[in-house]
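Reproduced below: model.txt, with compact mmCIF, C-alpha atoms.
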```
# COMPACT_ATOMS: atom_id res chain seq x y z
CA MET A 940 112.66 95.53 114.67
CA ASN A 941 114.14 98.96 114.01
CA GLU A 942 116.78 97.56 111.65
CA VAL A 943 114.08 95.98 109.49
CA GLN A 944 112.21 99.26 109.35
CA VAL A 945 115.33 101.19 108.40
CA SER A 946 116.17 98.76 105.59
CA ASP A 947 112.62 99.12 104.25
CA TRP A 948 113.50 102.68 103.19
CA THR A 949 115.69 101.15 100.50
CA LEU A 950 112.49 100.06 98.75
CA ILE A 951 111.39 103.67 98.27
CA PRO A 952 113.43 105.73 95.77
CA GLY A 953 115.54 107.93 98.03
CA ASN A 954 116.44 110.88 95.84
CA GLU A 955 115.16 112.78 92.81
CA MET A 956 117.38 110.92 90.35
CA ALA A 957 116.22 107.51 91.62
CA MET A 958 112.63 108.75 91.61
CA SER A 959 112.93 109.89 87.98
CA ALA A 960 114.40 106.55 86.95
CA VAL A 961 111.62 104.59 88.65
CA ARG A 962 108.99 106.93 87.20
CA GLU A 963 110.33 106.43 83.67
CA ARG A 964 110.57 102.63 84.07
CA CYS A 965 106.97 102.58 85.24
CA ARG A 966 105.80 104.83 82.41
CA GLN A 967 107.46 102.44 79.92
CA LEU A 968 105.66 99.57 81.61
CA VAL A 969 102.36 101.49 81.31
CA ARG A 970 102.93 102.03 77.58
CA LYS A 971 103.76 98.37 77.07
CA ARG A 972 100.64 97.22 78.92
CA ALA A 973 98.49 99.84 77.16
CA THR A 974 99.70 98.47 73.83
CA MET A 975 98.74 94.96 74.94
CA ALA A 976 95.33 96.24 76.07
CA ALA A 977 94.86 97.92 72.69
CA GLY A 978 95.61 94.62 70.98
CA PHE A 979 92.90 92.90 72.99
CA SER A 980 90.52 95.78 72.29
CA ALA A 981 90.97 95.30 68.56
CA VAL A 982 89.67 91.73 68.76
CA PRO A 983 85.96 91.91 67.88
CA ILE A 984 84.76 89.78 70.80
CA PRO A 985 82.54 91.73 73.21
CA GLY A 986 83.78 91.60 76.80
CA LEU A 987 87.28 90.32 75.99
CA ASP A 988 88.71 93.82 76.27
CA LEU A 989 87.24 94.44 79.73
CA VAL A 990 88.52 91.12 81.08
CA SER A 991 91.98 91.72 79.61
CA ASP A 992 92.03 95.35 80.82
CA ILE A 993 91.24 94.29 84.37
CA SER A 994 93.88 91.56 84.33
CA LEU A 995 96.57 93.75 82.76
CA PHE A 996 95.77 96.73 84.98
CA THR A 997 95.83 94.64 88.16
CA LYS A 998 99.32 93.42 87.31
CA LEU A 999 100.40 96.92 86.32
CA ILE A 1000 99.24 98.47 89.60
CA ASP A 1001 101.02 95.79 91.62
CA GLU A 1002 104.25 96.29 89.68
CA VAL A 1003 104.16 100.09 89.89
CA ASN A 1004 103.41 99.99 93.63
CA SER A 1005 106.31 97.57 94.08
CA GLU A 1006 108.73 99.73 92.07
CA PHE A 1007 107.99 102.68 94.35
CA GLY A 1008 108.11 100.53 97.53
CA LEU A 1009 104.41 101.12 98.08
CA THR A 1010 102.72 97.75 98.06
CA GLU A 1011 100.46 96.97 100.96
CA LYS A 1012 103.07 94.61 102.44
CA GLN A 1013 105.90 97.12 101.99
CA ILE A 1014 103.96 99.91 103.68
CA LEU A 1015 103.00 97.65 106.58
CA ARG A 1016 106.72 97.14 107.27
CA LEU A 1017 107.28 100.87 107.82
CA GLN A 1018 107.20 102.47 111.25
CA PRO A 1019 103.61 103.30 112.24
CA LYS A 1020 103.99 107.08 111.78
CA TYR A 1021 105.35 106.61 108.26
CA ARG A 1022 102.71 104.00 107.46
CA LEU A 1023 100.02 106.50 108.44
CA LEU A 1024 101.74 109.22 106.43
CA ALA A 1025 101.86 106.93 103.37
CA TYR A 1026 98.14 106.29 103.50
CA GLU A 1027 97.33 109.96 104.17
CA ALA A 1028 99.54 110.99 101.26
CA ALA A 1029 97.87 108.43 98.99
CA VAL A 1030 94.45 109.81 99.86
CA GLY A 1031 95.72 113.37 99.45
CA VAL A 1032 97.00 112.78 95.91
CA GLY A 1033 93.98 110.74 94.87
CA GLY A 1034 95.96 107.53 94.63
CA MET A 1035 93.20 105.12 95.55
CA MET A 1036 95.35 102.16 94.53
CA VAL A 1037 98.60 103.17 96.22
CA GLY A 1038 99.47 100.69 98.94
CA ARG A 1039 96.29 98.71 98.54
CA LEU A 1040 95.53 95.22 97.49
CA VAL A 1041 93.99 95.73 94.06
CA THR A 1042 90.76 93.81 93.66
CA ARG A 1043 88.48 93.28 90.70
CA ASP A 1044 85.81 95.41 92.40
CA LEU A 1045 88.23 98.29 92.92
CA LEU A 1046 89.21 98.22 89.25
CA LEU A 1047 85.60 98.02 88.11
CA ARG A 1048 84.86 101.17 90.14
CA LEU A 1049 87.83 102.88 88.51
CA PHE A 1050 86.77 101.79 85.04
CA LYS A 1051 83.23 103.04 85.72
CA LYS A 1052 84.72 106.49 86.24
CA VAL A 1053 85.82 106.39 82.63
CA GLY A 1054 82.69 104.52 81.56
CA VAL A 1055 81.81 106.79 78.66
CA ARG A 1056 85.08 106.00 76.94
CA LEU A 1057 84.69 102.30 77.62
CA ALA A 1058 81.14 102.34 76.25
CA SER A 1059 82.31 104.08 73.09
CA LYS A 1060 85.11 101.53 72.80
CA THR A 1061 82.57 98.69 72.97
CA ALA A 1062 80.19 100.44 70.56
CA ALA A 1063 83.02 101.00 68.10
CA LYS A 1064 83.51 97.25 67.84
CA LEU A 1065 80.14 96.98 66.13
CA VAL A 1066 81.59 98.70 63.05
CA PRO A 1067 83.78 96.19 61.14
CA VAL A 1068 87.55 96.86 60.88
CA ALA A 1069 87.47 100.63 61.43
CA GLY A 1070 85.55 100.05 64.66
CA SER A 1071 88.25 97.68 65.90
CA ILE A 1072 90.92 100.28 65.18
CA VAL A 1073 88.95 102.99 67.01
CA SER A 1074 88.29 100.60 69.90
CA ALA A 1075 92.02 99.81 70.15
CA ALA A 1076 92.94 103.51 70.08
CA ILE A 1077 90.43 104.35 72.81
CA GLY A 1078 91.58 101.35 74.86
CA PHE A 1079 95.21 102.42 74.59
CA ALA A 1080 94.46 106.04 75.55
CA VAL A 1081 92.30 105.15 78.56
CA PHE A 1082 94.71 102.51 79.85
CA ARG A 1083 97.71 104.80 79.42
CA LYS A 1084 95.99 107.73 81.10
CA LEU A 1085 94.95 105.66 84.14
CA GLY A 1086 98.40 104.06 84.32
CA TYR A 1087 100.21 107.40 84.16
CA GLN A 1088 97.93 108.81 86.86
CA HIS A 1089 98.84 105.91 89.12
CA VAL A 1090 102.58 106.32 88.45
CA GLU A 1091 102.37 110.01 89.36
CA ALA A 1092 100.33 109.27 92.50
CA CYS A 1093 102.97 106.75 93.63
CA ALA A 1094 105.76 109.23 92.89
CA ARG A 1095 104.07 111.95 94.96
CA VAL A 1096 103.49 109.56 97.89
CA ALA A 1097 107.13 108.39 97.77
CA GLN A 1098 108.32 112.03 97.63
CA GLN A 1099 106.21 112.95 100.66
CA LEU A 1100 107.58 109.97 102.59
CA ASN A 1101 111.14 111.00 101.72
CA GLN A 1102 110.48 114.58 102.80
CA ALA A 1103 109.05 113.37 106.12
CA ARG A 1104 112.04 111.10 106.64
CA THR A 1105 114.45 113.94 105.89
CA VAL A 1106 112.66 116.27 108.32
CA ASN A 1107 112.67 113.56 110.98
CA GLN A 1108 116.37 112.85 110.50
CA ALA A 1109 117.20 116.56 110.69
CA SER A 1110 115.21 117.00 113.90
CA THR A 1111 116.95 114.06 115.61
CA VAL A 1112 120.43 115.39 114.84
```
Mind turning the file's structure into structure tokens?
Amino acid sequence: MNEVQVSDWTLIPGNEMAMSAVRERCRQLVRKRATMAAGFSAVPIPGLDLVSDISLFTKLIDEVNSEFGLTEKQILRLQPKYRLLAYEAAVGVGGMMVGRLVTRDLLLRLFKKVGVRLASKTAAKLVPVAGSIVSAAIGFAVFRKLGYQHVEACARVAQQLNQARTVNQASTV
């Protein structure tokens, strides 16, 4: 059992250079998905943007969590003290989607936090052509901001786990 738990550390970026590389890959993924979300937002069909945003964001969260070794399954494979630390760190940095199974309800709660922007995005669609462009721009900005926040939350949780591991290794030597 201990060997499995030790090998699970390879899922979490182990140094600052690896962390930076994962962070940048994830930020590129956020920009790509935000661009896709903006494309859906430009289509003048009410509700299509919300459905696409939820679908794209769910996949994004899962991929970012996985890149940082912080999916629910990956965290459950850590030793209990590190598992607890991961969840405490996620709460501490405001990463409500770090290490959690992302559900439609969870995303709807998150999107409600930025509801004013989403409402203005929907209202902008009522104005032909220019409204679609404004809606796409708002959709891109909101999606990117939420995605970047999640990337940074995952990075902070992974850094805290690495610090705890380093302290633990130093105290056992």
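Taking CA of Ser1005 in chain A and CA of His1089 in chain A as the two end points, the separation is 12.2 Å.
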Quick one, how far is CA of Glu963 in chain A from CA of Ile951 in chain A?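 Atom-to-atom, CA of Glu963 in chain A to CA of Ile951 in chain A, that is 14.9 Å.
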Pairwise distance for CA of Leu995 in chain A and CA of Ala1092 in chain A, rounded to one decimal in Å: 18.7 Å
Between A:Asn954, A:Arg1095, A:Asp992, A:Val961, which residue has the minimum interatomic distance to Gly1078 in chain A, considering only C-alpha atoms?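 The closest residue to Gly1078 in chain A is A:Asp992.
The residue that comes closest to Lys998 in chain A, out of A:Val1106, A:Leu1100, A:Val982, A:Leu968 and on the basis of all atoms listed in the file, is A:Leu968.
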Contacts of Arg962 in chain A at 12 Å (all atoms listed in the file; same-chain gap of 2+ positions) as an mmCIF file with C-alpha atoms, in the frame of the given file:
```cif
data_model
loop_
_atom_site.group_PDB
_atom_site.id
_atom_site.type_symbol
_atom_site.label_atom_id
_atom_site.label_comp_id
_atom_site.auth_asym_id
_atom_site.auth_seq_id
_atom_site.Cartn_x
_atom_site.Cartn_y
_atom_site.Cartn_z
ATOM 1 C CA ILE A 951 111.390 103.670 98.270
ATOM 2 C CA PRO A 952 113.430 105.730 95.770
ATOM 3 C CA GLU A 955 115.160 112.780 92.810
ATOM 4 C CA MET A 956 117.380 110.920 90.350
ATOM 5 C CA ALA A 957 116.220 107.510 91.620
ATOM 6 C CA MET A 958 112.630 108.750 91.610
ATOM 7 C CA SER A 959 112.930 109.890 87.980
ATOM 8 C CA ALA A 960 114.400 106.550 86.950
ATOM 9 C CA ARG A 964 110.570 102.630 84.070
ATOM 10 C CA CYS A 965 106.970 102.580 85.240
ATOM 11 C CA ARG A 966 105.800 104.830 82.410
ATOM 12 C CA GLN A 967 107.460 102.440 79.920
ATOM 13 C CA LEU A 968 105.660 99.570 81.610
ATOM 14 C CA VAL A 969 102.360 101.490 81.310
ATOM 15 C CA GLU A 1002 104.250 96.290 89.680
ATOM 16 C CA VAL A 1003 104.160 100.090 89.890
ATOM 17 C CA ASN A 1004 103.410 99.990 93.630
ATOM 18 C CA SER A 1005 106.310 97.570 94.080
ATOM 19 C CA GLU A 1006 108.730 99.730 92.070
ATOM 20 C CA PHE A 1007 107.990 102.680 94.350
ATOM 21 C CA GLY A 1086 98.400 104.060 84.320
ATOM 22 C CA TYR A 1087 100.210 107.400 84.160
ATOM 23 C CA GLN A 1088 97.930 108.810 86.860
ATOM 24 C CA HIS A 1089 98.840 105.910 89.120
ATOM 25 C CA VAL A 1090 102.580 106.320 88.450
ATOM 26 C CA GLU A 1091 102.370 110.010 89.360
ATOM 27 C CA ALA A 1092 100.330 109.270 92.500
ATOM 28 C CA CYS A 1093 102.970 106.750 93.630
ATOM 29 C CA ALA A 1094 105.760 109.230 92.890
ATOM 30 C CA ARG A 1095 104.070 111.950 94.960
ATOM 31 C CA ALA A 1097 107.130 108.390 97.770
ATOM 32 C CA GLN A 1098 108.320 112.030 97.630
#
```
Find the residue from A:Ala1076, A:Leu1024, A:Ile1000, A:Met975 that sits nearest to Asn1101 in chain A; use only C-alpha atoms when measuring.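 Ranked by minimum distance to Asn1101 in chain A, first place goes to A:Leu1024.
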Just the residues within 10 Å of Ser991 in chain A, please, counting only C-alpha atoms, with nothing from its chain fewer than 2 positions along; format it as a VMD selection string. chain A and resid 975 to 980 986 to 989 993 to 997
Looking at A:Thr1105, A:Val1096, A:Gly1031, A:Ala1080, which one is nearest to Ala973 in chain A, with distances taken over all atoms listed in the file?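 Checking each of A:Thr1105, A:Val1096, A:Gly1031, A:Ala1080 against Ala973 in chain A, counting all atoms listed in the file, the winner is A:Ala1080.
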With distances taken over only C-alpha atoms, which residue among A:Thr1010, A:Ser1074, A:Gln1018, A:Gln1102 lies nearest Pro985 in chain A? A:Ser1074
Selection: 9 Å around Thr974 in chain A, only C-alpha atoms, excl. self and same-chain fewer than 6 positions, as a list in words: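 The filter keeps Ala1075, Gly1078, Phe1079, Phe1082 and Arg1083 of chain A.
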Extending 6 Å beyond the listed atoms of range 986-1004 of chain A on each side, what axis-aligned box results? I want centre and edge lengths in Å to one decimal, as lines of an AutoDock Vina configuration file.
```
center_x = 94.0
center_y = 95.2
center_z = 84.8
size_x = 32.5
size_y = 21.8
size_z = 29.6
```
Kindly indicate which residue among A:Ala1029, A:Leu999, A:Leu1017, A:Val1037 lies nearest to Arg970 in chain A, using only C-alpha atoms for the distances. A:Leu999
